[in-house]
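The next block is entry-v7.cif, given as mmCIF, C-alpha atoms.
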data_target
loop_
_atom_site.label_atom_id
_atom_site.label_comp_id
_atom_site.auth_asym_id
_atom_site.auth_seq_id
_atom_site.Cartn_x
_atom_site.Cartn_y
_atom_site.Cartn_z
CA THR A 26 0.00 0.00 0.00
CA LYS A 27 1.16 3.56 -0.71
CA CYS A 28 1.81 5.70 2.34
CA SER A 29 0.76 9.32 2.05
CA THR A 30 3.74 10.65 3.96
CA LYS A 31 7.14 12.11 3.22
CA ASN A 32 8.60 11.07 6.59
CA LYS A 33 10.17 7.63 6.63
CA ASP A 34 10.12 7.39 10.43
CA ASP A 35 6.33 7.62 10.38
CA VAL A 36 6.07 4.35 8.44
CA MET A 37 8.97 2.41 9.92
CA SER A 38 8.04 -0.53 12.14
CA ASP A 39 9.87 -2.25 14.98
CA THR A 40 11.43 -4.89 12.74
CA VAL A 41 15.09 -5.83 13.02
CA ILE A 42 15.87 -4.16 9.71
CA ASP A 43 14.15 -0.90 10.60
CA GLU A 44 15.73 -0.86 14.05
CA MET A 45 19.12 -1.36 12.40
CA ILE A 46 18.46 1.55 10.05
CA ARG A 47 17.45 3.71 13.01
CA ARG A 48 20.63 2.62 14.72
CA GLU A 49 22.66 3.82 11.74
CA VAL A 50 20.98 7.22 12.06
CA GLN A 51 21.95 7.35 15.74
CA LEU A 52 25.53 6.46 14.87
CA GLN A 53 25.64 9.23 12.29
CA ARG A 54 24.49 11.65 14.96
CA PHE A 55 27.42 10.47 17.04
CA ALA A 56 29.65 11.15 14.03
CA THR A 57 28.19 14.65 13.79
CA ASN A 58 29.14 15.17 17.41
CA ILE A 59 32.71 14.08 16.61
CA VAL A 60 32.76 16.73 13.88
CA ARG A 61 31.38 19.38 16.20
CA GLU A 62 33.50 18.55 19.24
CA LEU A 63 36.77 17.38 17.67
CA ILE A 64 37.24 18.10 13.98
CA ASN A 65 35.87 21.63 13.57
CA PRO A 66 37.50 23.07 16.74
CA THR A 67 40.85 21.50 15.80
CA ALA A 68 40.65 22.92 12.27
CA GLN A 69 39.83 26.38 13.63
CA GLU A 70 42.59 26.27 16.23
CA ILE A 71 45.26 25.07 13.78
CA SER A 72 44.34 27.65 11.16
CA GLN A 73 44.58 30.48 13.68
CA ARG A 74 47.75 29.23 15.35
CA ILE A 75 49.57 28.86 12.03
CA SER A 76 48.57 32.41 11.16
CA ALA A 77 50.31 33.59 14.34
CA MET A 78 53.39 31.44 13.62
CA LEU A 79 53.75 33.09 10.19
CA ILE A 80 53.83 36.66 11.46
CA GLY A 81 57.05 38.40 10.43
CA TYR A 82 58.28 35.52 8.26
CA GLU A 83 59.33 37.99 5.54
CA ASP A 84 62.06 39.42 7.78
CA LEU A 85 63.48 36.10 8.92
CA PRO A 86 66.78 34.77 7.55
CA LYS A 87 66.57 31.61 5.50
CA ARG A 88 67.63 29.36 8.37
CA ASP A 89 64.93 30.73 10.66
CA GLN A 90 62.32 30.43 7.93
CA THR A 91 63.23 26.77 7.58
CA LYS A 92 62.86 26.30 11.34
CA MET A 93 59.47 28.05 11.26
CA ILE A 94 58.28 25.75 8.45
CA ASN A 95 59.41 22.68 10.39
CA ASP A 96 57.70 23.97 13.53
CA ILE A 97 54.44 24.39 11.59
CA LYS A 98 54.73 20.85 10.25
CA LYS A 99 55.36 19.44 13.72
CA TYR A 100 52.53 21.45 15.25
CA THR A 101 50.10 20.35 12.52
CA SER A 102 51.03 16.68 12.85
CA GLU A 103 50.60 16.63 16.62
CA ASN A 104 47.35 18.58 16.70
CA TRP A 105 45.64 17.03 13.69
CA GLY A 106 46.58 13.65 15.10
CA SER A 107 44.80 14.61 18.34
CA ILE A 108 41.50 14.31 16.44
CA TRP A 109 42.04 10.58 16.13
CA VAL A 110 43.19 10.20 19.73
CA GLY A 111 39.89 11.78 20.77
CA PHE A 112 38.01 9.56 18.34
CA GLU A 113 39.51 6.43 19.92
CA ASP A 114 38.55 7.69 23.39
CA ASN A 115 34.93 8.10 22.28
CA ILE A 116 34.54 4.93 20.22
CA ASN A 117 35.08 2.55 23.16
CA GLY A 118 31.75 3.47 24.74
CA VAL A 119 29.97 3.18 21.40
CA MET A 120 31.36 -0.33 20.91
CA ASP A 121 30.15 -1.43 24.34
CA ASP A 122 26.70 0.00 23.61
CA GLU A 123 26.59 -1.71 20.22
CA GLY A 124 27.20 -5.16 21.63
CA GLN A 125 24.35 -4.78 24.11
CA PHE A 126 22.11 -3.23 21.45
CA GLN A 127 22.54 -6.25 19.18
CA ALA A 128 21.72 -8.71 21.97
CA ASP A 129 18.66 -6.70 23.07
CA LEU A 130 17.45 -6.30 19.48
CA TYR A 131 17.42 -10.01 18.69
CA ASN A 132 16.17 -11.01 22.13
CA ASP A 133 13.13 -8.79 21.56
CA VAL A 134 12.09 -10.41 18.28
CA ALA A 135 13.50 -13.94 18.21
CA PRO A 136 12.74 -16.90 20.50
CA GLU A 137 16.38 -17.75 21.29
CA ASP A 138 18.52 -16.25 24.04
CA TYR A 139 21.30 -14.04 22.64
CA ILE A 140 24.28 -12.73 24.59
CA PRO A 141 26.39 -9.64 23.84
CA PRO A 142 30.01 -10.13 22.82
CA ALA A 143 32.71 -9.76 25.44
CA LYS A 144 34.24 -6.30 25.73
CA PHE A 145 37.38 -5.87 23.70
CA PRO A 146 39.74 -3.09 22.64
CA PRO A 147 39.18 -1.28 19.32
CA SER A 148 39.72 -3.59 16.39
CA ASN A 149 42.82 -3.27 14.25
CA ALA A 150 41.25 -5.41 11.53
CA ILE A 151 41.85 -4.51 7.90
CA MET A 152 39.50 -1.88 6.49
CA ALA A 153 39.24 -1.82 2.69
CA VAL A 154 37.78 1.39 1.25
CA GLY A 155 38.66 3.74 -1.58
CA GLY A 156 40.89 1.15 -3.19
CA VAL A 157 43.06 0.94 -0.06
CA ALA A 158 43.17 -2.01 2.34
CA SER A 159 44.85 -1.17 5.62
CA THR A 160 44.35 -0.88 9.37
CA TRP A 161 42.39 1.96 10.95
CA SER A 162 45.56 3.43 12.46
CA ASP A 163 47.13 3.51 8.99
CA PHE A 164 44.11 5.41 7.67
CA THR A 165 44.27 7.98 10.47
CA ASN A 166 48.05 8.37 10.15
CA ALA A 167 47.61 8.94 6.42
CA ASN A 168 44.93 11.54 7.14
CA ALA A 169 47.25 13.41 9.50
CA SER A 170 50.10 13.21 6.97
CA ASP A 171 47.77 14.54 4.29
CA ALA A 172 46.99 17.53 6.50
CA VAL A 173 50.70 18.22 7.05
CA ARG A 174 51.44 18.02 3.30
CA ALA A 175 48.51 20.22 2.31
CA ILE A 176 49.27 22.94 4.84
CA ASN A 177 53.00 22.80 4.16
CA GLY A 178 52.32 23.14 0.44
CA VAL A 179 50.31 26.33 0.96
CA VAL A 180 52.94 27.79 3.29
CA LEU A 181 55.86 26.99 0.97
CA ALA A 182 54.02 28.36 -2.08
CA GLY A 183 53.13 31.52 -0.21
CA ILE A 184 56.72 32.11 0.91
CA ARG A 185 58.04 31.36 -2.59
CA ASP A 186 55.60 33.81 -4.19
CA GLY A 187 56.16 36.51 -1.58
CA GLN A 188 52.57 36.46 -0.33
CA THR A 189 51.63 38.36 2.78
CA VAL A 190 50.73 36.53 5.97
CA SER A 191 47.16 37.62 5.37
CA GLN A 192 47.09 36.02 1.93
CA ILE A 193 48.56 32.73 3.14
CA THR A 194 46.22 32.70 6.11
CA ARG A 195 43.15 33.31 3.95
CA GLU A 196 43.97 30.31 1.80
CA LEU A 197 44.48 28.14 4.86
CA ARG A 198 41.49 29.11 6.96
CA GLY A 199 39.13 30.78 4.52
CA ARG A 200 36.92 33.70 5.47
CA TYR A 201 35.19 34.46 8.74
CA ASP A 202 31.48 33.68 8.82
CA LYS A 203 29.71 36.06 11.20
CA THR A 204 26.69 33.76 11.43
CA THR A 205 28.59 30.65 12.54
CA LYS A 206 31.45 32.65 14.07
CA ARG A 207 33.90 30.32 12.39
CA TYR A 208 36.32 30.45 9.50
CA LYS A 209 35.30 28.33 6.53
CA GLY A 210 36.25 27.62 2.94
CA GLY A 211 40.00 27.37 3.41
CA VAL A 212 42.26 24.36 2.92
CA ILE A 213 42.14 23.52 6.64
CA THR A 214 38.54 24.47 7.44
CA GLY A 215 37.22 23.13 4.13
CA ARG A 216 38.92 20.24 2.35
CA LEU A 217 40.91 18.83 5.28
CA ALA A 218 38.00 19.07 7.73
CA GLN A 219 35.68 17.39 5.20
CA ARG A 220 38.14 14.53 4.65
CA ALA A 221 38.44 14.03 8.40
CA GLU A 222 34.65 13.96 8.74
CA THR A 223 34.33 11.35 5.99
CA LEU A 224 37.00 9.21 7.64
CA ALA A 225 35.37 9.55 11.06
CA ARG A 226 31.98 8.43 9.74
CA THR A 227 33.63 5.51 7.97
CA GLY A 228 35.60 4.61 11.07
CA ILE A 229 32.44 4.39 13.14
CA SER A 230 31.06 1.93 10.59
CA HIS A 231 34.32 -0.04 10.78
CA TYR A 232 34.23 -0.34 14.55
CA VAL A 233 30.52 -1.06 15.08
CA ASN A 234 30.52 -3.67 12.32
CA GLY A 235 33.45 -5.31 14.07
CA VAL A 236 31.23 -5.55 17.17
CA ARG A 237 28.38 -6.99 15.09
CA ASP A 238 30.70 -9.60 13.63
CA ARG A 239 31.76 -10.62 17.14
CA PHE A 240 28.11 -10.75 18.24
CA ALA A 241 27.37 -13.17 15.40
CA ILE A 242 30.32 -15.40 16.29
CA GLU A 243 29.42 -15.28 20.00
CA ASN A 244 25.97 -16.60 19.09
CA ASP A 245 26.92 -18.90 16.23
CA ASP A 246 25.09 -21.77 17.89
CA ILE A 247 21.89 -19.85 17.07
CA ILE A 248 22.76 -17.59 14.13
CA LYS A 249 23.10 -19.51 10.86
CA LYS A 250 23.50 -16.83 8.17
CA ARG A 251 24.37 -13.17 7.73
CA VAL A 252 22.45 -11.18 5.12
CA PHE A 253 23.73 -7.98 3.49
CA PHE A 254 21.08 -5.28 3.68
CA ALA A 255 21.39 -1.94 1.92
CA THR A 256 19.34 1.06 3.01
CA LEU A 257 17.73 1.40 -0.46
CA ASP A 258 17.32 5.10 -0.95
CA SER A 259 18.61 7.75 -3.34
CA ARG A 260 22.09 7.70 -1.73
CA THR A 261 22.70 3.94 -1.95
CA THR A 262 25.86 3.12 -3.92
CA THR A 263 26.12 0.65 -6.78
CA ILE A 264 28.37 -1.55 -4.63
CA CYS A 265 25.72 -1.86 -1.93
CA LEU A 266 22.90 -2.31 -4.45
CA ALA A 267 24.87 -5.20 -5.99
CA ASN A 268 25.33 -6.91 -2.61
CA HIS A 269 21.82 -6.34 -1.28
CA LEU A 270 20.27 -9.56 0.14
CA LYS A 271 23.34 -11.70 -0.55
CA GLU A 272 23.90 -14.11 2.32
CA TRP A 273 26.72 -16.18 3.80
CA ASP A 274 26.86 -19.00 6.33
CA ILE A 275 27.96 -17.58 9.66
CA GLY A 276 31.18 -19.61 9.54
CA ASP A 277 32.02 -18.43 6.02
CA ASN A 278 34.63 -15.68 6.29
CA SER A 279 34.44 -14.73 2.61
CA TYR A 280 31.63 -12.20 3.15
CA PRO A 281 32.59 -8.59 2.30
CA LYS A 282 33.57 -6.75 5.47
CA LEU A 283 31.84 -3.45 6.14
CA PRO A 284 32.50 -0.67 5.38
CA LEU A 285 32.79 -1.27 1.64
CA HIS A 286 33.24 2.43 0.93
CA TYR A 287 33.43 5.80 2.64
CA ASN A 288 30.24 6.90 4.43
CA GLU A 289 28.96 3.31 4.50
CA ARG A 290 25.35 2.81 5.70
CA SER A 291 24.64 -0.81 4.80
CA VAL A 292 24.34 -3.43 7.54
CA TYR A 293 24.26 -7.19 8.07
CA VAL A 294 21.21 -8.82 9.64
CA PHE A 295 21.23 -12.37 10.95
CA LYS A 296 19.05 -15.40 10.21
CA THR A 297 18.41 -18.44 12.39
CA ASP A 298 16.52 -21.65 11.72
CA ASP A 299 13.39 -20.04 13.15
CA PHE A 300 13.80 -16.34 12.38
CA ASP A 301 14.42 -14.44 9.14
CA PRO A 302 14.39 -10.62 9.45
CA THR A 303 14.05 -10.16 5.69
CA GLN A 304 10.54 -11.64 5.83
CA GLU A 305 9.30 -8.63 7.80
CA GLN A 306 7.45 -5.71 6.20
CA ARG A 307 9.24 -2.39 5.88
CA PRO A 308 9.01 0.92 3.98
CA ILE A 309 11.01 1.71 0.84
CA GLU A 310 11.59 5.06 -0.82
CA ILE A 311 9.77 5.93 -4.06
CA GLY A 312 11.01 9.04 -5.88
CA LEU A 313 8.36 11.56 -6.87
CA GLY A 314 10.46 14.39 -8.32
CA ASP A 315 11.53 17.85 -7.11
CA GLY A 316 13.40 16.24 -4.24
CA GLU A 317 10.21 14.65 -2.88
CA SER A 318 9.79 11.00 -1.93
CA ASP A 319 7.02 8.77 -0.71
CA PHE A 320 7.25 5.37 0.94
CA GLU A 321 5.74 2.03 0.04
CA THR A 322 5.51 -0.88 2.48
CA VAL A 323 6.97 -4.13 1.13
CA LYS A 324 8.59 -7.32 2.38
CA GLY A 325 12.31 -7.09 3.15
CA THR A 326 13.05 -9.64 0.43
CA LEU A 327 12.52 -7.02 -2.28
CA THR A 328 15.68 -7.05 -4.41
CA SER A 329 17.60 -3.89 -5.25
CA SER A 330 16.86 -4.43 -8.95
CA ASN A 331 13.12 -4.69 -8.35
CA TRP A 332 13.26 -1.66 -6.07
CA LEU A 333 14.96 0.39 -8.79
CA LYS A 334 12.44 -0.78 -11.38
CA ARG A 335 9.71 0.82 -9.26
CA GLN A 336 11.44 4.21 -9.51
CA PRO A 337 10.99 6.88 -12.17
CA ARG A 338 13.75 6.96 -14.79
CA TRP A 339 15.30 10.17 -13.46
CA PHE A 340 15.72 8.51 -10.04
CA VAL A 341 17.53 5.52 -11.57
CA GLU A 342 19.77 7.87 -13.57
CA GLU A 343 20.69 9.79 -10.41
CA SER A 344 21.45 6.52 -8.62
CA LEU A 345 23.46 4.74 -11.32
CA GLY A 346 24.45 7.43 -13.80
CA LYS A 347 22.73 7.95 -17.15
CA LYS A 348 24.51 5.22 -19.16
CA ARG A 349 24.32 2.56 -16.46
CA ALA A 350 20.65 3.42 -15.95
CA GLU A 351 20.13 2.85 -19.67
CA LEU A 352 21.92 -0.51 -19.48
CA PHE A 353 19.83 -1.47 -16.45
CA LEU A 354 16.42 -0.31 -17.70
CA ASP A 355 16.71 -0.87 -21.44
CA GLY A 356 19.50 -3.45 -21.63
CA LYS A 357 18.18 -5.53 -18.72
CA LEU A 358 21.60 -5.56 -17.02
CA ASP A 359 21.23 -6.71 -13.43
CA ILE A 360 22.79 -4.54 -10.71
CA LYS A 361 24.88 -7.46 -9.44
CA ASN A 362 26.71 -7.52 -12.78
CA MET A 363 27.92 -3.93 -12.38
CA VAL A 364 30.68 -4.82 -9.90
CA ASP A 365 33.58 -7.26 -10.07
CA MET A 366 34.37 -10.12 -7.68
CA GLN A 367 36.21 -7.70 -5.38
CA ASN A 368 33.13 -5.44 -5.13
CA ARG A 369 34.68 -2.73 -7.30
CA PRO A 370 32.31 -0.94 -9.69
CA LEU A 371 33.10 -1.84 -13.30
CA THR A 372 33.78 0.98 -15.73
CA LEU A 373 31.70 1.13 -18.89
CA GLU A 374 34.66 -0.26 -20.85
CA GLN A 375 35.03 -3.12 -18.37
CA LEU A 376 31.30 -3.82 -18.58
CA LYS A 377 31.64 -4.24 -22.33
CA GLN A 378 34.10 -7.07 -21.70
CA THR A 379 31.65 -9.09 -19.56
CA THR A 380 29.08 -11.46 -21.01
CA ALA A 381 26.15 -9.73 -19.30
CA GLY A 382 27.51 -6.31 -20.21
CA ARG A 383 27.96 -7.13 -23.90
CA LYS A 384 24.38 -8.37 -24.10
CA ALA A 385 23.08 -5.21 -22.45
CA PHE A 386 25.09 -2.91 -24.76
CA LYS A 387 23.88 -4.84 -27.82
CA LYS A 388 20.25 -4.57 -26.70
CA VAL A 389 20.53 -0.84 -25.98
CA ASN A 390 22.24 -0.15 -29.30
CA LYS A 391 19.76 -2.31 -31.20
CA ASP A 392 16.69 -0.75 -29.62
CA GLY A 393 18.17 2.74 -29.78
#
Representation of the structure as structure tokens:
Amino acid sequence: TKCSTKNKDDVMSDTVIDEMIRREVQLQRFATNIVRELINPTAQEISQRISAMLIGYEDLPKRDQTKMINDIKKYTSENWGSIWVGFEDNINGVMDDEGQFQADLYNDVAPEDYIPPAKFPPSNAIMAVGGVASTWSDFTNANASDAVRAINGVVLAGIRDGQTVSQITRELRGRYDKTTKRYKGGVITGRLAQRAETLARTGISHYVNGVRDRFAIENDDIIKKRVFFATLDSRTTTICLANHLKEWDIGDNSYPKLPLHYNERSVYVFKTDDFDPTQEQRPIEIGLGDGESDFETVKGTLTSSNWLKRQPRWFVEESLGKKRAELFLDGKLDIKNMVDMQNRPLTLEQLKQTTAGRKAFKKVNKDG
């Protein structure tokens, strides 16, 4: 049935899937707090401190300029790195809460008795996103190094070109916004802060999914399968659409570890012999145009392909891109065939080399 509402929360039930989606929203609010309490203040402080460190640089001898540059690099490294120290301090409590949340969630809806996983330190498991597979500490170290390089590049270019302190500072911290009472739009307050925010949101996904994995293993005498479940809305990536509803035996370690990409929102839900969360009813987004959406209640077993087929063409084009939407709608190319075995989206040229892709291109070209 069609729901005459634009608010998804109004039509969400108390199913496992909907509770998991609500949980993701709560976790993103926690991420927003990390941005507000750690990332933005650090970006503001660094941009202002570096401005003070640059004062009078024009009159310094070469040796002292070099020392000043090295001091800025050291200061940036230590203080940008403090973001991730603070992140680690905060994530421990979230991980403890997540373990109990999972146990409570399944105990409320399933007949078995689930227990939360034992408390454990933050995971140093491999996280594979953006074409890089590494540990969380490697990602945060790289983020701090990126900040040092970016700021150092602006400082060196400014000194080389004879810019004033004011000019260098403006590029680093942007302009003052009287409404927010913060600097914004500079290298530090813009690009570097945004990258840190993206990494923080992805890191939260990395850690909480580690807890969920441990919950599943802790209860593997009950839990039989894990099922990949994508949010299914206008922001869902092709990777997550391709994996939606795929399932793995709980002892099969070949399942793709979340997060699959930056800003991940997909989750795993768990099946037992007596309980299957995908059989529950839940709302899905239907695009109406002009940024408006409505919601239709369906069973959780609706595939991503069938969900997209219910959408207007413009919605599919926004989700997949115009050419891939054409291959999907007119060439009958299934979403699962748009990624490779490593869950990397295939380029159009790579798609042409696959059997399913060649058929779709031929059909589109023939009908067009």
*Taking only C-alpha atoms into account, which of A:Gly276, A:Pro86, A:Gly228, A:Gly235 comes nearest Arg251 (chain A)?*
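Under the stated criterion, the closest residue is A:Gly276.
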*For the structure shown, which residues end up in the PyMOL selection byres ((chain A and resi 117) around 10)? Put them as a list in words, please?*
Phe112, Glu113, Asp114, Asn115, Ile116, Gly118, Val119, Met120, Asp121, Asp122, Glu123, Lys144, Phe145, Pro146, Pro147, Tyr232 and Val233 of chain A
Put those residues in a file: C-alpha atoms, as a PDB file, keeping the file's coordinate frame.
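Contents of the output file result_9.pdb:
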ATOM      1  CA  PHE A 112      38.010   9.560  18.340  1.00  0.00           C
ATOM      2  CA  GLU A 113      39.510   6.430  19.920  1.00  0.00           C
ATOM      3  CA  ASP A 114      38.550   7.690  23.390  1.00  0.00           C
ATOM      4  CA  ASN A 115      34.930   8.100  22.280  1.00  0.00           C
ATOM      5  CA  ILE A 116      34.540   4.930  20.220  1.00  0.00           C
ATOM      6  CA  GLY A 118      31.750   3.470  24.740  1.00  0.00           C
ATOM      7  CA  VAL A 119      29.970   3.180  21.400  1.00  0.00           C
ATOM      8  CA  MET A 120      31.360  -0.330  20.910  1.00  0.00           C
ATOM      9  CA  ASP A 121      30.150  -1.430  24.340  1.00  0.00           C
ATOM     10  CA  ASP A 122      26.700   0.000  23.610  1.00  0.00           C
ATOM     11  CA  GLU A 123      26.590  -1.710  20.220  1.00  0.00           C
ATOM     12  CA  LYS A 144      34.240  -6.300  25.730  1.00  0.00           C
ATOM     13  CA  PHE A 145      37.380  -5.870  23.700  1.00  0.00           C
ATOM     14  CA  PRO A 146      39.740  -3.090  22.640  1.00  0.00           C
ATOM     15  CA  PRO A 147      39.180  -1.280  19.320  1.00  0.00           C
ATOM     16  CA  TYR A 232      34.230  -0.340  14.550  1.00  0.00           C
ATOM     17  CA  VAL A 233      30.520  -1.060  15.080  1.00  0.00           C
TER      18      VAL A 233
END
*Which one is closest to Val41 (chain A): A:Glu374, A:Glu305, A:Asp277, A:Glu70? Count all atoms listed in the file.*
A:Glu305
_Neighbour list for Trp109 (chain A) as an MDAnalysis selection string, cut-off 10 Å, only C-alpha atoms, skip fewer than 6 positions in-chain_ = chainID A and resid 59 63:64 115 162 165:166 168:169 221 224:225
*asked:* Using the chain letters and numbers from this file, what does the PyMOL selection byres ((chain A and resi 268) around 9) select? Give the answer as a ChimeraX atom specification.
replied: /A:253-255,263-267,269-272,281,329,360-361,368
